[in-house]
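Here is the file run_28.tsv (TSV, C-alpha atoms).
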chain	number	residue	atom	x	y	z
D	1	MET	CA	-33.60	-62.61	9.24
D	2	SER	CA	-36.02	-61.72	6.48
D	3	GLU	CA	-34.83	-58.16	6.85
D	4	PHE	CA	-31.29	-59.18	5.84
D	5	ALA	CA	-32.63	-61.26	2.97
D	6	LEU	CA	-34.55	-58.20	1.81
D	7	ILE	CA	-31.43	-56.03	1.96
D	8	LEU	CA	-29.51	-58.65	0.01
D	9	VAL	CA	-32.10	-59.06	-2.75
D	10	SER	CA	-32.56	-55.33	-2.90
D	11	THR	CA	-28.85	-54.57	-3.33
D	12	VAL	CA	-27.99	-57.50	-5.57
D	13	LEU	CA	-30.87	-57.30	-8.01
D	14	VAL	CA	-33.26	-54.41	-7.56
D	15	ASN	CA	-30.91	-51.56	-6.73
D	16	ASN	CA	-27.86	-53.06	-8.35
D	17	PHE	CA	-25.02	-50.62	-7.85
D	18	VAL	CA	-23.65	-50.86	-11.35
D	19	LEU	CA	-26.69	-51.24	-13.55
D	20	VAL	CA	-29.31	-49.28	-11.62
D	21	LYS	CA	-27.36	-46.78	-9.52
D	22	PHE	CA	-24.54	-46.43	-12.08
D	23	LEU	CA	-21.78	-46.57	-9.48
D	24	GLY	CA	-18.50	-48.36	-10.07
D	25	LEU	CA	-18.66	-48.18	-13.83
D	26	CYS	CA	-14.92	-47.84	-14.39
D	27	PRO	CA	-13.94	-51.34	-13.27
D	28	PHE	CA	-17.15	-52.60	-14.88
D	29	MET	CA	-15.88	-51.47	-18.29
D	30	GLY	CA	-12.16	-51.74	-17.58
D	31	VAL	CA	-11.70	-55.24	-16.16
D	32	SER	CA	-14.45	-57.09	-18.01
D	33	LYS	CA	-12.53	-58.18	-21.08
D	34	LYS	CA	-11.61	-61.57	-19.66
D	35	LEU	CA	-13.70	-63.78	-17.44
D	36	GLU	CA	-10.78	-64.77	-15.24
D	37	THR	CA	-9.64	-61.21	-14.56
D	38	ALA	CA	-13.22	-60.20	-13.91
D	39	THR	CA	-13.61	-62.98	-11.37
D	40	GLY	CA	-10.43	-61.89	-9.61
D	41	MET	CA	-11.57	-58.29	-9.60
D	42	ALA	CA	-14.99	-59.34	-8.33
D	43	LEU	CA	-13.40	-61.25	-5.44
D	44	ALA	CA	-11.06	-58.39	-4.52
D	45	THR	CA	-13.88	-55.85	-4.67
D	46	THR	CA	-16.18	-58.07	-2.60
D	47	PHE	CA	-13.52	-58.28	0.07
D	48	VAL	CA	-12.78	-54.56	0.06
D	49	LEU	CA	-16.41	-53.46	-0.13
D	50	THR	CA	-17.60	-55.62	2.75
D	51	LEU	CA	-14.64	-54.76	4.94
D	52	SER	CA	-14.76	-51.05	4.19
D	53	SER	CA	-18.49	-50.81	4.79
D	54	ILE	CA	-17.99	-52.42	8.22
D	55	ALA	CA	-14.96	-50.27	9.02
D	56	SER	CA	-16.62	-47.05	7.90
D	57	TYR	CA	-19.68	-47.89	10.00
D	58	LEU	CA	-17.49	-48.36	13.08
D	59	VAL	CA	-15.56	-45.17	12.42
D	60	ASN	CA	-18.77	-43.22	11.89
D	61	THR	CA	-20.55	-44.49	15.02
D	62	TYR	CA	-17.69	-44.57	17.48
D	63	LEU	CA	-15.46	-41.75	16.31
D	64	LEU	CA	-17.36	-39.23	14.20
D	65	ALA	CA	-20.78	-39.24	15.87
D	66	PRO	CA	-19.62	-38.79	19.52
D	67	PHE	CA	-17.45	-35.83	18.57
D	68	GLU	CA	-20.08	-34.38	16.20
D	69	LEU	CA	-17.67	-34.54	13.28
D	70	GLU	CA	-20.13	-35.79	10.67
D	71	TYR	CA	-18.90	-33.14	8.26
D	72	LEU	CA	-15.61	-35.08	8.03
D	73	ARG	CA	-17.43	-38.18	6.87
D	74	THR	CA	-16.33	-38.24	3.23
D	75	ILE	CA	-12.66	-37.63	3.92
D	76	THR	CA	-12.44	-40.17	6.73
D	77	PHE	CA	-14.26	-42.77	4.63
D	78	ILE	CA	-11.78	-42.25	1.83
D	79	LEU	CA	-9.01	-42.77	4.39
D	80	VAL	CA	-10.68	-45.97	5.58
D	81	ILE	CA	-11.12	-47.29	2.03
D	82	ALA	CA	-7.55	-46.44	1.06
D	83	ALA	CA	-6.22	-48.33	4.07
D	84	VAL	CA	-8.43	-51.38	3.40
D	85	VAL	CA	-7.36	-51.45	-0.25
D	86	GLN	CA	-3.70	-51.23	0.73
D	87	VAL	CA	-4.11	-54.17	3.09
D	88	THR	CA	-5.93	-56.16	0.39
D	89	GLU	CA	-3.20	-55.37	-2.10
D	90	MET	CA	-0.51	-56.66	0.21
D	91	ILE	CA	-2.44	-59.84	0.94
D	92	VAL	CA	-3.15	-60.50	-2.75
D	93	HIS	CA	0.49	-59.84	-3.65
D	94	LYS	CA	1.60	-62.43	-1.15
D	95	THR	CA	-1.04	-65.08	-1.70
D	96	SER	CA	-1.68	-64.87	-5.44
D	97	PRO	CA	1.10	-63.14	-7.40
D	98	LEU	CA	-0.53	-64.00	-10.71
D	99	LEU	CA	-3.83	-62.38	-9.76
D	100	TYR	CA	-1.78	-59.43	-8.53
D	101	GLN	CA	-0.13	-59.12	-11.92
D	102	VAL	CA	-3.39	-59.62	-13.80
D	103	LEU	CA	-5.31	-57.04	-11.78
D	104	GLY	CA	-2.35	-54.67	-12.01
D	105	ILE	CA	-3.39	-51.06	-11.76
D	106	TYR	CA	-7.04	-51.95	-11.15
D	107	LEU	CA	-6.32	-53.27	-7.68
D	108	PRO	CA	-5.23	-49.93	-6.17
D	109	LEU	CA	-7.93	-48.32	-8.27
D	110	ILE	CA	-10.57	-50.03	-6.11
D	111	THR	CA	-9.84	-47.04	-3.86
D	112	THR	CA	-11.48	-44.79	-6.40
D	113	ASN	CA	-14.30	-47.22	-7.16
D	114	CYS	CA	-17.25	-44.96	-6.47
D	115	ALA	CA	-19.37	-47.96	-5.43
D	116	VAL	CA	-17.15	-48.43	-2.38
D	117	LEU	CA	-17.53	-44.88	-1.14
D	118	GLY	CA	-21.16	-44.91	-2.24
D	119	VAL	CA	-21.97	-47.91	-0.07
D	120	ALA	CA	-20.23	-46.39	2.95
D	121	LEU	CA	-22.12	-43.10	2.58
D	122	LEU	CA	-25.48	-44.74	1.83
D	123	ASN	CA	-25.09	-46.88	4.96
D	124	VAL	CA	-24.93	-43.75	7.06
D	125	GLN	CA	-27.66	-41.98	5.12
D	126	THR	CA	-30.17	-44.80	5.60
D	127	GLU	CA	-29.10	-45.14	9.27
D	128	TYR	CA	-28.38	-48.83	9.11
D	129	ASN	CA	-27.06	-50.58	12.20
D	130	PHE	CA	-23.89	-52.68	12.27
D	131	MET	CA	-25.29	-55.94	10.86
D	132	GLN	CA	-27.40	-54.12	8.31
D	133	SER	CA	-24.39	-52.14	7.09
D	134	ALA	CA	-22.34	-55.30	6.75
D	135	THR	CA	-25.15	-57.01	4.81
D	136	TYR	CA	-25.63	-53.94	2.65
D	137	GLY	CA	-21.92	-53.80	1.82
D	138	PHE	CA	-21.81	-57.54	1.14
D	139	GLY	CA	-24.97	-57.42	-1.00
D	140	ALA	CA	-23.65	-54.48	-2.98
D	141	SER	CA	-20.41	-56.31	-3.69
D	142	ILE	CA	-22.25	-59.49	-4.66
D	143	GLY	CA	-24.37	-57.44	-7.05
D	144	PHE	CA	-21.24	-55.83	-8.45
D	145	SER	CA	-19.54	-59.21	-8.85
D	146	LEU	CA	-22.60	-60.73	-10.47
D	147	VAL	CA	-22.94	-58.14	-13.21
D	148	LEU	CA	-19.18	-57.89	-13.70
D	149	ILE	CA	-18.87	-61.63	-14.28
D	150	LEU	CA	-22.00	-61.78	-16.46
D	151	PHE	CA	-20.78	-58.83	-18.48
D	152	SER	CA	-17.28	-60.26	-18.98
D	153	ALA	CA	-18.77	-63.59	-20.07
D	154	ILE	CA	-20.87	-61.75	-22.66
D	155	ARG	CA	-17.86	-59.73	-23.80
D	156	GLU	CA	-15.78	-62.86	-24.23
D	157	ARG	CA	-18.42	-64.23	-26.56
D	158	LEU	CA	-18.69	-60.88	-28.34
D	159	THR	CA	-15.04	-60.99	-29.34
D	160	VAL	CA	-15.66	-64.02	-31.55
D	161	SER	CA	-19.00	-62.93	-32.93
D	162	ASP	CA	-19.62	-61.10	-36.15
D	163	ILE	CA	-20.08	-57.43	-35.19
D	164	PRO	CA	-20.44	-54.67	-37.79
D	165	MET	CA	-17.29	-52.56	-38.07
D	166	PRO	CA	-18.55	-49.32	-36.48
D	167	PHE	CA	-19.81	-51.18	-33.42
D	168	GLN	CA	-16.70	-53.17	-32.65
D	169	GLY	CA	-14.87	-52.73	-29.36
D	170	PRO	CA	-16.13	-50.38	-26.67
D	171	ALA	CA	-19.22	-49.41	-28.68
D	172	ILE	CA	-20.81	-52.83	-28.53
D	173	ALA	CA	-19.66	-53.16	-24.89
D	174	LEU	CA	-21.55	-50.00	-23.95
D	175	ILE	CA	-24.63	-51.15	-25.85
D	176	THR	CA	-24.45	-54.48	-24.04
D	177	ALA	CA	-24.15	-52.71	-20.71
D	178	GLY	CA	-27.20	-50.63	-21.60
D	179	LEU	CA	-29.21	-53.71	-22.48
D	180	MET	CA	-28.17	-55.39	-19.23
D	181	SER	CA	-29.20	-52.29	-17.34
D	182	MET	CA	-32.62	-52.38	-18.98
D	183	ALA	CA	-32.92	-56.06	-18.12
D	184	PHE	CA	-32.17	-55.29	-14.48
D	185	MET	CA	-34.87	-52.60	-14.50
D	186	GLY	CA	-37.23	-55.55	-14.72
D	187	PHE	CA	-36.47	-56.29	-11.07
D	188	SER	CA	-37.71	-52.91	-9.88
D	189	GLY	CA	-40.78	-53.20	-7.70
D	190	LEU	CA	-39.68	-56.62	-6.47
D	191	VAL	CA	-38.51	-55.19	-3.17
D	192	LYS	CA	-38.94	-51.71	-1.78
D	193	GLY	CA	-35.85	-49.82	-0.68
I	1	MET	CA	-11.70	-27.99	15.70
I	2	LEU	CA	-9.11	-29.60	17.96
I	3	SER	CA	-11.19	-32.76	18.31
I	4	ALA	CA	-11.41	-33.01	14.51
I	5	ILE	CA	-7.65	-32.92	14.19
I	6	LEU	CA	-7.27	-35.43	17.01
I	7	VAL	CA	-9.84	-37.85	15.58
I	8	VAL	CA	-8.42	-37.81	12.06
I	9	GLY	CA	-4.92	-38.04	13.51
I	10	LEU	CA	-5.95	-41.02	15.64
I	11	LEU	CA	-7.48	-42.72	12.60
I	12	ALA	CA	-4.31	-42.15	10.62
I	13	VAL	CA	-2.23	-43.66	13.45
I	14	ILE	CA	-4.51	-46.73	13.67
I	15	PHE	CA	-4.36	-47.35	9.91
I	16	GLY	CA	-0.63	-46.74	9.93
I	17	VAL	CA	-0.18	-49.45	12.57
I	18	VAL	CA	-2.46	-51.88	10.70
I	19	LEU	CA	-0.67	-51.25	7.40
I	20	GLY	CA	2.73	-51.54	9.00
I	21	PHE	CA	1.74	-54.83	10.57
I	22	THR	CA	0.45	-56.30	7.28
I	23	ALA	CA	3.52	-55.04	5.45
I	24	VAL	CA	5.68	-57.09	7.79
I	25	LYS	CA	3.35	-60.08	7.95
I	26	PHE	CA	2.78	-60.33	4.18
I	27	LYS	CA	6.24	-59.33	3.08
I	28	VAL	CA	6.98	-60.53	-0.45
I	29	GLU	CA	10.53	-61.66	-0.98
I	30	GLY	CA	11.63	-61.52	-4.58
I	31	ASP	CA	9.07	-62.03	-7.27
I	32	PRO	CA	7.02	-65.17	-6.54
I	33	LEU	CA	5.84	-65.30	-10.15
I	34	VAL	CA	9.42	-65.79	-11.33
I	35	GLU	CA	9.73	-68.75	-8.95
I	36	LYS	CA	6.56	-70.31	-10.35
I	37	ILE	CA	7.73	-69.91	-13.96
I	38	ASP	CA	11.18	-71.20	-13.05
I	39	LYS	CA	9.62	-74.35	-11.59
I	40	LEU	CA	7.95	-75.14	-14.92
I	41	LEU	CA	11.16	-74.84	-16.90
I	42	PRO	CA	13.22	-78.02	-17.42
I	43	GLN	CA	16.29	-76.66	-15.58
I	44	THR	CA	18.69	-77.80	-18.26
I	45	GLN	CA	20.41	-74.39	-18.02
I	46	CYS	CA	21.26	-74.87	-21.70
I	47	GLY	CA	20.83	-71.24	-22.75
I	48	GLN	CA	19.04	-72.10	-25.99
I	49	CYS	CA	16.40	-69.52	-25.12
I	50	GLY	CA	19.02	-66.78	-25.42
I	51	PHE	CA	19.26	-66.21	-21.69
I	52	PRO	CA	22.08	-67.49	-19.48
I	53	GLY	CA	19.95	-70.11	-17.75
I	54	CYS	CA	16.42	-71.01	-16.74
I	55	LYS	CA	16.05	-68.44	-13.97
I	56	PRO	CA	16.98	-65.42	-16.14
I	57	TYR	CA	14.58	-66.72	-18.79
I	58	ALA	CA	11.85	-66.99	-16.14
I	59	GLU	CA	12.55	-63.41	-15.09
I	60	ALA	CA	12.37	-62.27	-18.70
I	61	ILE	CA	9.01	-64.02	-19.16
I	62	ALA	CA	7.68	-62.41	-16.01
I	63	ASN	CA	8.79	-58.94	-17.16
I	64	GLY	CA	7.37	-59.50	-20.63
I	65	GLY	CA	10.86	-59.46	-22.15
I	66	ALA	CA	10.55	-62.92	-23.67
I	67	GLU	CA	7.94	-65.13	-25.26
I	68	ILE	CA	6.99	-68.47	-23.73
I	69	ASN	CA	8.04	-70.46	-26.82
I	70	GLN	CA	11.82	-70.25	-26.51
I	71	CYS	CA	12.55	-73.43	-24.60
I	72	PRO	CA	13.36	-76.40	-26.89
I	73	PRO	CA	14.22	-78.88	-24.11
I	74	GLY	CA	10.87	-78.24	-22.48
I	75	GLY	CA	9.06	-78.64	-25.78
I	76	GLU	CA	5.35	-78.39	-26.21
I	77	GLN	CA	4.58	-79.44	-22.66
I	78	THR	CA	6.45	-76.49	-21.16
I	79	ILE	CA	4.80	-74.03	-23.55
I	80	HIS	CA	1.45	-75.51	-22.59
I	81	ASP	CA	2.15	-75.25	-18.86
I	82	LEU	CA	3.47	-71.70	-19.17
I	83	ALA	CA	0.46	-70.62	-21.21
I	84	ASP	CA	-1.71	-72.14	-18.51
I	85	LEU	CA	0.08	-70.37	-15.69
I	86	LEU	CA	0.30	-66.99	-17.40
I	87	ASP	CA	-3.08	-67.17	-19.10
I	88	ARG	CA	-1.60	-66.68	-22.56
I	89	GLU	CA	-2.21	-68.23	-25.94
I	90	ILE	CA	-0.40	-71.46	-26.75
I	91	ILE	CA	2.13	-70.74	-29.50
I	92	PRO	CA	4.41	-73.15	-31.36
I	93	LEU	CA	8.08	-73.40	-30.43
I	94	ASN	CA	10.23	-70.67	-31.94
I	95	PRO	CA	12.45	-72.44	-34.53
I	96	GLU	CA	15.20	-69.85	-33.94
I	97	ASN	CA	15.83	-71.35	-30.54
I	98	GLY	CA	16.15	-74.90	-31.79
I	99	GLU	CA	14.02	-77.98	-32.20
I	100	VAL	CA	12.63	-80.51	-29.82
I	101	THR	CA	15.04	-83.42	-29.86
I	102	GLU	CA	15.18	-86.73	-28.14
I	103	LYS	CA	16.49	-86.48	-24.64
I	104	THR	CA	20.23	-87.08	-24.64
I	105	VAL	CA	23.08	-87.19	-22.17
I	106	VAL	CA	26.79	-86.88	-22.82
I	107	ILE	CA	29.44	-89.43	-22.06
I	108	ILE	CA	33.15	-88.70	-21.78
I	109	ASP	CA	35.42	-91.12	-23.58
I	110	GLU	CA	37.74	-91.71	-20.67
I	111	GLU	CA	40.60	-93.04	-22.80
I	112	THR	CA	40.91	-89.83	-24.78
I	113	CYS	CA	40.27	-87.37	-21.94
I	114	ILE	CA	43.34	-85.35	-21.04
I	115	GLY	CA	41.92	-83.85	-17.85
I	116	CYS	CA	41.86	-80.22	-18.93
I	117	THR	CA	38.80	-79.34	-16.74
I	118	LEU	CA	37.37	-77.09	-19.47
I	119	CYS	CA	34.16	-79.10	-19.63
I	120	ILE	CA	33.79	-78.93	-15.84
I	121	GLN	CA	33.84	-75.14	-16.07
I	122	ALA	CA	31.28	-75.16	-18.87
I	123	CYS	CA	28.79	-77.48	-17.16
I	124	PRO	CA	25.95	-75.35	-15.76
I	125	ILE	CA	24.80	-77.96	-13.26
I	126	ASP	CA	28.12	-79.43	-12.08
I	127	ALA	CA	27.40	-82.87	-13.47
I	128	ILE	CA	31.00	-83.51	-14.49
I	129	VAL	CA	33.47	-84.67	-11.88
I	130	GLY	CA	37.24	-84.83	-12.17
I	131	ALA	CA	40.37	-82.87	-11.39
I	132	ALA	CA	43.21	-81.31	-13.40
I	133	LYS	CA	45.18	-83.94	-15.35
I	134	GLN	CA	42.87	-86.64	-14.07
I	135	MET	CA	40.23	-88.08	-16.33
I	136	HIS	CA	36.72	-86.71	-15.98
I	137	THR	CA	33.38	-88.40	-16.04
I	138	VAL	CA	29.75	-87.38	-16.33
I	139	ILE	CA	27.20	-88.17	-13.65
I	140	GLU	CA	24.60	-89.49	-16.05
I	141	SER	CA	21.61	-89.04	-13.75
I	142	GLU	CA	22.46	-85.35	-13.34
I	143	CYS	CA	23.23	-84.56	-16.99
I	144	THR	CA	20.49	-82.48	-18.61
I	145	GLY	CA	21.70	-82.90	-22.18
I	146	CYS	CA	22.44	-79.23	-22.75
I	147	ASP	CA	25.61	-80.04	-24.74
I	148	LEU	CA	27.38	-76.93	-23.43
I	149	CYS	CA	30.47	-78.98	-22.55
I	150	ILE	CA	31.10	-80.06	-26.14
I	151	PRO	CA	32.52	-76.86	-27.72
I	152	PRO	CA	35.26	-76.28	-25.09
I	153	CYS	CA	36.63	-79.85	-25.24
I	154	PRO	CA	40.04	-79.69	-27.03
I	155	VAL	CA	40.22	-83.41	-27.84
I	156	ASP	CA	36.55	-83.99	-28.74
I	157	CYS	CA	36.17	-86.81	-26.28
I	158	ILE	CA	32.58	-85.98	-25.33
I	159	ILE	CA	29.93	-88.02	-27.08
I	160	ILE	CA	26.19	-87.32	-27.21
I	161	THR	CA	24.16	-90.43	-26.53
I	162	PRO	CA	20.41	-90.84	-26.33
I	163	VAL	CA	19.05	-91.74	-22.92
I	164	LYS	CA	18.83	-95.49	-22.57
I	165	LYS	CA	15.29	-96.77	-22.43
I	166	ASP	CA	14.62	-98.50	-19.16
I	167	LEU	CA	11.64	-98.72	-16.84
I	168	LYS	CA	12.21	-95.21	-15.53
I	169	THR	CA	12.72	-93.39	-18.82
I	170	TRP	CA	10.43	-95.31	-21.16
I	171	GLN	CA	7.46	-93.51	-22.66
I	172	TRP	CA	5.09	-93.91	-25.57
I	173	ASP	CA	6.21	-92.53	-28.90
I	174	LYS	CA	5.02	-89.01	-29.47
I	175	PRO	CA	2.36	-88.74	-32.18
I	176	ALA	CA	4.71	-86.70	-34.38
I	177	GLU	CA	7.12	-89.63	-34.49
I	178	LEU	CA	4.53	-92.03	-35.82
I	179	GLY	CA	5.13	-91.01	-39.41
I	180	PHE	CA	3.27	-87.78	-39.94
I	181	GLU	CA	4.15	-84.19	-39.30
I	182	LYS	CA	2.97	-82.56	-36.10
I	183	ASN	CA	0.78	-79.99	-37.84
I	184	GLU	CA	-0.86	-82.66	-39.91
I	185	PHE	CA	-1.57	-84.57	-36.74
I	186	GLU	CA	-3.24	-81.56	-35.14
I	187	GLU	CA	-5.38	-81.02	-38.21
I	188	ASN	CA	-6.41	-84.62	-38.22
I	189	VAL	CA	-7.43	-84.60	-34.59
I	190	PHE	CA	-10.07	-82.02	-35.29
I	191	LYS	CA	-11.11	-83.28	-38.69
I	192	GLU	CA	-11.83	-86.76	-39.80
I	193	THR	CA	-8.71	-88.84	-39.34
I	194	ASP	CA	-7.25	-89.74	-42.69
I	195	TYR	CA	-5.50	-93.01	-42.08
I	196	LYS	CA	-3.96	-93.02	-45.53
I	197	LYS	CA	-1.73	-90.17	-44.48
I	198	ILE	CA	0.07	-92.39	-42.03
I	199	ASP	CA	2.99	-93.93	-43.77
I	200	LEU	CA	2.55	-97.55	-42.76
I	201	ASP	CA	5.96	-98.67	-43.92
I	202	LYS	CA	7.63	-95.99	-41.88
I	203	LEU	CA	5.53	-96.96	-38.90
I	204	HIS	CA	6.69	-100.55	-39.13
I	205	ALA	CA	10.26	-99.46	-39.68
I	206	ASN	CA	10.05	-97.35	-36.53
I	207	LYS	CA	8.69	-100.27	-34.59
I	208	SER	CA	11.34	-102.72	-35.73
I	209	ASP	CA	13.99	-100.13	-34.84
I	210	THR	CA	12.93	-100.02	-31.27
I	211	GLN	CA	12.56	-103.73	-30.90
Rewrite the structure of this file - the entire thing - as structure tokens.
Amino acid sequence: MSEFALILVSTVLVNNFVLVKFLGLCPFMGVSKKLETATGMALATTFVLTLSSIASYLVNTYLLAPFELEYLRTITFILVIAAVVQVTEMIVHKTSPLLYQVLGIYLPLITTNCAVLGVALLNVQTEYNFMQSATYGFGASIGFSLVLILFSAIRERLTVSDIPMPFQGPAIALITAGLMSMAFMGFSGLVKG
Amino acid sequence: MLSAILVVGLLAVIFGVVLGFTAVKFKVEGDPLVEKIDKLLPQTQCGQCGFPGCKPYAEAIANGGAEINQCPPGGEQTIHDLADLLDREIIPLNPENGEVTEKTVVIIDEETCIGCTLCIQACPIDAIVGAAKQMHTVIESECTGCDLCIPPCPVDCIIITPVKKDLKTWQWDKPAELGFEKNEFEENVFKETDYKKIDLDKLHANKSDTQ
């Protein structure tokens, strides 16, 4: 049990995918202008990331490994992720049309979110078992959601604050992201791995 | 080599089946957002928004072809609800589309009616009953007060009347009717209320009117 807790803390805080590993930066900058959109994106990504990390583990262990096809890992994982994203898109379209409209292009773009592929590949690299992979995927997505929501909340406040002209817009957003990244560095050494 | 092709092929088939299944299971008929917007609109079908009815207006809002402030019968409440649903800013009603008026219904003066059926054809919600050369009448509970039947009437026998106040239709006076302008009221809510601005005489006059 403590092992899963360790994986969770490690992925959420210490090795945060966005702020420490610098994966998944495009949605981090792209969908963080509004808190509500960011929350929707965080939910969708959590769903996709967890599901795809489980699915890619299964595909790797039961299809690729027995046939010694590990060299096809990247392409099959991309296939897995694309399929999971498609399914998520259909479900979101049916259940929450507004969220579907708000997320717009960013929903299919989860496919190209490097964090998703990164998690799937890192799972295999660190030779995690089924439960560990699922926890790792879930932890990674929670970490992603956490910083995305924090960041969008900060950005919402930034829009009404008095920012010098040259720093307005993306400039201050990038500076904020940098500061957040430095803050998250403070967690390093908390957990190994 | 062959196994690689087979494995990837197998994967593709599995995902194809899963995707096909979800496509059928989660099939979206029409645009559900339009339905949601349409539900918030007052369904007067009056066309004051510039579209031929509430549904086309809802479609235009969903496509971004129209603003949310073009519905006078819905008034502020509808704008507020739409802004809530679509996560947009609340904007005041567009004066080009008309003003918020008291809710009215029309009544046909049955003595003067010649039974031409023109108003029946104009009514967007079929609230007028009657036949050719027979006098017509308005089903008052169905009438939305869109006034679309008035222009076609050749003998001007259709009269606009305010909805009678009874237990079902009674409501408190809106703040704007209490003697100060709406904008003033909004300012006062956030600042210190300046009671002097309320025209007391007008207030009393209003009250005695309703009594």
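Relative to atom CA of D:Ser32, atom CA of D:Phe151 is found at 6.6 Å.
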Just give me the gap between atom CA of I:Thr44 and atom CA of I:Glu140 in Å, one decimal is fine.
13.3 Å
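Closest approach to chain D among I:Glu99, I:Glu142, I:Asp87, I:Glu59: I:Asp87, based on only C-alpha atoms.
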Identify all chain I residues at most 12 Å from chain D by counting only C-alpha atoms; ligands do not count. Present them as a VMD selection string.
chain I and resid 1 to 37 62 to 64 84 to 88
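In this comparison, which uses all atoms listed in the file, the residue of D:Leu158, D:Leu174, D:Ala44, D:Leu23 approaching D:Leu103 most closely is D:Ala44.
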Give me, as a PyMOL selection string, all polymer residues having an atom no more than 10 Å from stretch 143-147 of chain D, counting all atoms listed in the file and skipping those fewer than 5 positions away in the same chain.
chain D and resi 8-19+23-25+27-28+32+38-46+49+115+137-138+152-153+177+180-181+184
Using C-alpha atoms, can you write the selected residues to a file as a short mmCIF file (atom, residue, chain, number, x, y, z; two decimals), in the frame of the given file?
data_model
loop_
_atom_site.label_atom_id
_atom_site.label_comp_id
_atom_site.auth_asym_id
_atom_site.auth_seq_id
_atom_site.Cartn_x
_atom_site.Cartn_y
_atom_site.Cartn_z
CA LEU D 8 -29.51 -58.65 0.01
CA VAL D 9 -32.10 -59.06 -2.75
CA SER D 10 -32.56 -55.33 -2.90
CA THR D 11 -28.85 -54.57 -3.33
CA VAL D 12 -27.99 -57.50 -5.57
CA LEU D 13 -30.87 -57.30 -8.01
CA VAL D 14 -33.26 -54.41 -7.56
CA ASN D 15 -30.91 -51.56 -6.73
CA ASN D 16 -27.86 -53.06 -8.35
CA PHE D 17 -25.02 -50.62 -7.85
CA VAL D 18 -23.65 -50.86 -11.35
CA LEU D 19 -26.69 -51.24 -13.55
CA LEU D 23 -21.78 -46.57 -9.48
CA GLY D 24 -18.50 -48.36 -10.07
CA LEU D 25 -18.66 -48.18 -13.83
CA PRO D 27 -13.94 -51.34 -13.27
CA PHE D 28 -17.15 -52.60 -14.88
CA SER D 32 -14.45 -57.09 -18.01
CA ALA D 38 -13.22 -60.20 -13.91
CA THR D 39 -13.61 -62.98 -11.37
CA GLY D 40 -10.43 -61.89 -9.61
CA MET D 41 -11.57 -58.29 -9.60
CA ALA D 42 -14.99 -59.34 -8.33
CA LEU D 43 -13.40 -61.25 -5.44
CA ALA D 44 -11.06 -58.39 -4.52
CA THR D 45 -13.88 -55.85 -4.67
CA THR D 46 -16.18 -58.07 -2.60
CA LEU D 49 -16.41 -53.46 -0.13
CA ALA D 115 -19.37 -47.96 -5.43
CA GLY D 137 -21.92 -53.80 1.82
CA PHE D 138 -21.81 -57.54 1.14
CA SER D 152 -17.28 -60.26 -18.98
CA ALA D 153 -18.77 -63.59 -20.07
CA ALA D 177 -24.15 -52.71 -20.71
CA MET D 180 -28.17 -55.39 -19.23
CA SER D 181 -29.20 -52.29 -17.34
CA PHE D 184 -32.17 -55.29 -14.48
#
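Coordinates place atom CA of I:Gln77 at a distance of 16.6 Å from atom CA of I:Gln48.
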Taking 6 positions as the minimum chain separation for residues in the same chain, which residues sit within 12 Å of I:Ala66 when counting all atoms listed in the file? Answer as a VMD selection string.
chain I and resid 49 to 51 56 to 60 94
Produce a file of the selected residues containing C-alpha atoms, as a short mmCIF file (atom, residue, chain, number, x, y, z; two decimals), keeping the file's coordinate frame.
data_model
loop_
_atom_site.label_atom_id
_atom_site.label_comp_id
_atom_site.auth_asym_id
_atom_site.auth_seq_id
_atom_site.Cartn_x
_atom_site.Cartn_y
_atom_site.Cartn_z
CA CYS I 49 16.40 -69.52 -25.12
CA GLY I 50 19.02 -66.78 -25.42
CA PHE I 51 19.26 -66.21 -21.69
CA PRO I 56 16.98 -65.42 -16.14
CA TYR I 57 14.58 -66.72 -18.79
CA ALA I 58 11.85 -66.99 -16.14
CA GLU I 59 12.55 -63.41 -15.09
CA ALA I 60 12.37 -62.27 -18.70
CA ASN I 94 10.23 -70.67 -31.94
#
Box for stretch 14-21 of chain D: with edges along x, y and z, all listed atoms inside and 6 Å added on each side, what are the centre and edge lengths in Å to one decimal, as AutoDock Vina command-line options?
--center_x -28.5 --center_y -50.6 --center_z -10.1 --size_x 21.6 --size_y 19.6 --size_z 18.8
Which one is closest to I:Glu89: I:Cys116, I:Ile68, I:Cys146, I:Ile158? Count only C-alpha atoms.
I:Ile68
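Distances here use all atoms listed in the file; by that measure, the residue among D:Met29, D:Phe4, D:Lys21, D:Arg73 closest to D:Gly169 is D:Met29.
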